[in-house]
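Engineer: Okay, here's the structure, questions in a sec.
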Amino acid sequence: MNDTTSRMARPALALLLTIISLHCGCAEIKTMGKTDKTTELGPILPAPASQDEKMAWFREAKFGLFIHWGLYAVPAGTWKGKQINGIGEWIMNRAKIPVKEYEQLAGQFNPVKFNAEQWVQMAEDAGMKYIVITSKHHDGFAMYGSKASKYNIVDATPFKRDPLKELAAACARHHIRFGFYYSQSQDWHEPGGAGNTWDFPPDAEKSKSGAYDRYLREKAEPQVKELLAGYGPVCLIWFDTARMMDVNDRAQRFIDIVHTLQPACLIDGRLGATGDYRSTGDNQIPHTVLREDWEVPATLNDTWGYKSYDHHWKTPEDLVFKLVDIVSKGGNYLLNVGPTAEGLIPQPSQDNLRTVGQWLKVNGEAIYGAGPTPFGEELGTPDPEKKDARGNPAFVAKTDWRCTTKPGRLYIHLFAWPAGSFEVSKVNGKVTKAFLLADLGHKALKVQQENDHVTVSLPAAPPDKMDSVLVLNTTDAPVK
Ligand code: FHN
């Protein structure tokens, strides 16, 4: 257990007393301070014995579905006839829409076509192993039945249903893990929340006057408790934009809540204190292997929340490349959909994700639970002749192949099919067999090895246009 973990494991006594009084619709059995709960959505998992045990499912999963869904799906990028620049879920901020006007969207939000089963089925078809949905984004609107604020989908919309309850149940049926995005700091609806400076005073003033801490105590913290107490096992909480989190133990209070209510629940890297894993910048894939747990949150087009006119879809080829690229560097890929105000996931999102899922059906062995490349030269190199935005040598990525690993196996992902043979150096151990993962018979390909240099003869055409996986069984996985 590292420093962060032990700090994060400190339960707050006051918090314990509060949560005992929380209505959570679950049976509790208490044993010497340890709480085991069984809910209709499955058991709340006990505290993991180690950080490795805690991270095990995340390291296996590799591929998750992010869902940005909220009132912003109603304007869908257009306000009073004008297309608003930027990401769709930021429309309230970008168009400086007053709270009183934005609130009116709740009356129009009636996603009658929402079907939790279909959404989760799509995630399963795409080969995704966990789902993270916006329970409250920066606009402050809760997408579940919150007792802490009436500004929520059950109390404030004609829909009146709790889609997060329905999704939690569907995820339990499909054995897909379920987590929540929660905007802990920015809340443009509340006078004390960060971010809304068009209706309310500047953030620094809210922090000084106590308004911000009041917002945290009266809305954000109770809502995070509700989410952890009422929706079965929560695999992770995805906090975001850590404004003003670094004083008064603000971030620590969220950590205590998570650890007390669901000690197995992961905390992402954007709370404002060290979480269980690193979240990269949006759509930011590192150039090289990172030897820690990490995840890339990413879009399928250019927005997170639905925008009716954003058709800039990434192709399935690109998505498979990015997934493999990320796994080959040791990370997870959390890929977003922005459902419409009717409750539908845009068809191009569905189609492209399902195509990735078809590739994973054949090649999933090379992704789920796979480790990073032992090589590195295939990723690219900094070019001293070219400068990046900061004036450093620009990294020139190579895209011909990537490598993922499991003990005794190298998975060579070929994006550009080499003529005749594939050659690689610095292979540790002896290659005992080579075959294509797409070949169900695993017919052995001809291998020549001279010390650490390996040449594998390939057929003339690739079995998969997007990424053909060449498997090398070795007596040792890592390289020199
Ligand atoms: O401001 C948010 C944005 O709306 C979106 O939720 C992304 C997802 O990673 N996070 C923030 C920006 O980084």
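Naming scheme: A, B, ... for chains in displayed order of the structure tokens; residues 1 onward per chain; ligands 1 onward as shown.
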Do you know which residues are within 8 Å of ligand 1 using only C-alpha atoms and all ligand atoms? Can you write them as a list in words?

Structural biologist: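 What falls inside 8 Å of ligand 1 is His68, Ile87, Gly88, Glu89, Trp90, His137, His138, Asp240, Thr241, Gly281, Asp282, Pro297, Ala298, Trp304 and Gly305 of chain A.
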
Engineer: So which bits of region 236-282 of chain A end up strand (DSSP E or B) when you DSSP the backbone, as a JSON list (two decimals) with all heavy atoms, in the first residue's frame?

Structural biologist:
[["chain", "number", "residue", "atom", "x", "y", "z"],
["A", 236, "LEU", "N", -16.12, 2.98, -10.36],
["A", 236, "LEU", "CA", -15.24, 4.15, -10.22],
["A", 236, "LEU", "C", -16.04, 5.44, -10.22],
["A", 236, "LEU", "O", -17.16, 5.48, -10.72],
["A", 236, "LEU", "CB", -14.18, 4.19, -11.32],
["A", 236, "LEU", "CG", -14.59, 4.31, -12.78],
["A", 236, "LEU", "CD1", -14.81, 5.76, -13.20],
["A", 236, "LEU", "CD2", -13.51, 3.71, -13.66],
["A", 237, "ILE", "N", -15.48, 6.46, -9.62],
["A", 237, "ILE", "CA", -16.05, 7.81, -9.72],
["A", 237, "ILE", "C", -15.06, 8.65, -10.50],
["A", 237, "ILE", "O", -13.87, 8.69, -10.19],
["A", 237, "ILE", "CB", -16.29, 8.47, -8.34],
["A", 237, "ILE", "CG1", -17.24, 7.63, -7.51],
["A", 237, "ILE", "CG2", -16.83, 9.88, -8.55],
["A", 237, "ILE", "CD1", -18.62, 8.16, -7.32],
["A", 238, "TRP", "N", -15.62, 9.28, -11.52],
["A", 238, "TRP", "CA", -14.81, 10.07, -12.44],
["A", 238, "TRP", "C", -15.03, 11.55, -12.11],
["A", 238, "TRP", "O", -15.92, 12.20, -12.67],
["A", 238, "TRP", "CB", -15.27, 9.77, -13.87],
["A", 238, "TRP", "CG", -14.17, 9.67, -14.88],
["A", 238, "TRP", "CD1", -13.56, 8.53, -15.29],
["A", 238, "TRP", "CD2", -13.60, 10.74, -15.64],
["A", 238, "TRP", "NE1", -12.63, 8.83, -16.25],
["A", 238, "TRP", "CE2", -12.63, 10.17, -16.49],
["A", 238, "TRP", "CE3", -13.79, 12.12, -15.69],
["A", 238, "TRP", "CZ2", -11.87, 10.92, -17.37],
["A", 238, "TRP", "CZ3", -13.04, 12.88, -16.57],
["A", 238, "TRP", "CH2", -12.08, 12.29, -17.40],
["A", 239, "PHE", "N", -14.24, 12.07, -11.16],
["A", 239, "PHE", "CA", -14.33, 13.49, -10.85],
["A", 239, "PHE", "C", -13.67, 14.27, -11.99],
["A", 239, "PHE", "O", -12.88, 13.70, -12.75],
["A", 239, "PHE", "CB", -13.62, 13.78, -9.52],
["A", 239, "PHE", "CG", -14.30, 13.12, -8.33],
["A", 239, "PHE", "CD1", -13.75, 12.02, -7.70],
["A", 239, "PHE", "CD2", -15.50, 13.63, -7.84],
["A", 239, "PHE", "CE1", -14.37, 11.42, -6.60],
["A", 239, "PHE", "CE2", -16.13, 13.05, -6.74],
["A", 239, "PHE", "CZ", -15.56, 11.93, -6.12],
["A", 266, "LEU", "N", -12.88, 2.87, -7.52],
["A", 266, "LEU", "CA", -11.69, 3.64, -7.91],
["A", 266, "LEU", "C", -12.02, 5.12, -8.00],
["A", 266, "LEU", "O", -13.15, 5.50, -8.28],
["A", 266, "LEU", "CB", -11.17, 3.18, -9.26],
["A", 266, "LEU", "CG", -10.87, 1.69, -9.47],
["A", 266, "LEU", "CD1", -10.21, 1.48, -10.83],
["A", 266, "LEU", "CD2", -9.99, 1.16, -8.37],
["A", 267, "ILE", "N", -11.00, 5.94, -7.81],
["A", 267, "ILE", "CA", -11.11, 7.39, -8.01],
["A", 267, "ILE", "C", -10.18, 7.74, -9.15],
["A", 267, "ILE", "O", -9.03, 7.32, -9.18],
["A", 267, "ILE", "CB", -10.71, 8.13, -6.72],
["A", 267, "ILE", "CG1", -11.72, 7.82, -5.61],
["A", 267, "ILE", "CG2", -10.62, 9.64, -6.97],
["A", 267, "ILE", "CD1", -11.36, 8.39, -4.25],
["A", 278, "ARG", "N", -4.08, 7.60, -13.21],
["A", 278, "ARG", "CA", -3.91, 8.89, -13.88],
["A", 278, "ARG", "C", -4.91, 9.02, -15.05],
["A", 278, "ARG", "O", -5.09, 8.08, -15.81],
["A", 278, "ARG", "CB", -2.50, 9.00, -14.44],
["A", 278, "ARG", "CG", -2.22, 10.38, -15.05],
["A", 278, "ARG", "CD", -1.17, 10.35, -16.12],
["A", 278, "ARG", "NE", 0.17, 10.20, -15.57],
["A", 278, "ARG", "CZ", 1.24, 10.77, -16.12],
["A", 278, "ARG", "NH1", 1.12, 11.52, -17.19],
["A", 278, "ARG", "NH2", 2.43, 10.56, -15.61],
["A", 279, "SER", "N", -5.56, 10.16, -15.13],
["A", 279, "SER", "CA", -6.38, 10.45, -16.31],
["A", 279, "SER", "C", -5.55, 11.37, -17.17],
["A", 279, "SER", "O", -5.09, 12.41, -16.71],
["A", 279, "SER", "CB", -7.67, 11.17, -15.91],
["A", 279, "SER", "OG", -8.32, 10.49, -14.86]]

Engineer: Which of these residues is nearest to Val320 (chain A), using only C-alpha atoms: A:Pro372, A:Gly343, A:Gly338, A:Gly364?

Structural biologist: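 Result for the nearest residue to Val320 (chain A): A:Gly364.
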
Engineer: Find the residues around Asp325 (chain A) up to 10 Å (only C-alpha atoms counted), leave out those fewer than 3 positions away in its own chain, and share them as JSON, numbers by chain.

Structural biologist: {"A": [285, 286, 287, 288, 289, 319, 320, 321, 322, 328, 329, 330, 331, 332, 333, 372, 373, 379, 399, 401, 402, 403, 404, 413]}

Engineer: Need to verify the contact set: Lys208 (chain A), 12 Å, only C-alpha atoms, exclusion of same-chain residues closer than 4 positions in sequence. Can you return it as a list in words?

Structural biologist: Gly192, Pro201, Pro202, Asp203, Ala204, Tyr212, Asp213, Arg214, Met244, Val247 and Asn248 of chain A

Engineer: Rounded to one decimal, what separation in Å do you get between CA of Gly441 (chain A) and CA of Glu317 (chain A)?

Structural biologist: 25.3 Å

Engineer: One decimal, in Å: what's the spacing between CA of Leu164 (chain A) and CA of Trp79 (chain A)?

Structural biologist: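 That distance, rounded to one decimal, is 27.2 Å.
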
Engineer: Considering only C-alpha atoms, return as a list in words whatever protein or nucleic-acid residues lie within 12 Å of Ala172 (chain A), sequence-local ones (same chain, fewer than 2 positions apart) excluded.

Structural biologist: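 With the cut-off at 12 Å, the set is Thr39, Glu40, Leu41, Gly42, Pro43, Ala116, Glu117, Val120, Gln121, Lys129, Tyr130, Ile131, Lys165, Glu166, Leu167, Ala168, Ala169, Ala170, His174, His175, Ile176, Arg177, Phe178, Gly179, Tyr231, Gly232, Pro233, Val234 and Cys235 of chain A.
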
Engineer: Go through A:Asp246, A:Thr340, A:Leu335, A:Val296 and flag the residue nearest Gly70 (chain A), using only C-alpha atoms for the distances.

Structural biologist: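 So, comparing all the options, the nearest one is A:Thr340.
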
Engineer: Could you check how far CA of Lys430 (chain A) sits from CA of Ser457 (chain A), in Å to one decimal?

Structural biologist: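 The value is 16.3 Å.
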
Engineer: Excluding same-chain residues fewer than 6 positions from region 347-362 of chain A, what lies within 9 Å of it counting only C-alpha atoms, as a PyMOL selection string?

Structural biologist: chain A and resi 122-128+300-301+311+313-317+319-320+336-338+437-438+464+466-467

Engineer: Calculated over only C-alpha atoms, which of the candidates A:His453, A:His259, A:Arg291, A:Lys433 has the smallest distance to Gly371 (chain A)?

Structural biologist: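 Using only C-alpha atoms, the shortest distance to Gly371 (chain A) belongs to A:Arg291.
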
Engineer: Compare A:Val112, A:Met55, A:Ala397, A:Val454 by their minimum atom-to-atom distance to Leu344 (chain A), counting only C-alpha atoms, and give me the closest one.

Structural biologist: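 Checking each candidate against Leu344 (chain A), we get A:Val112 as the closest.
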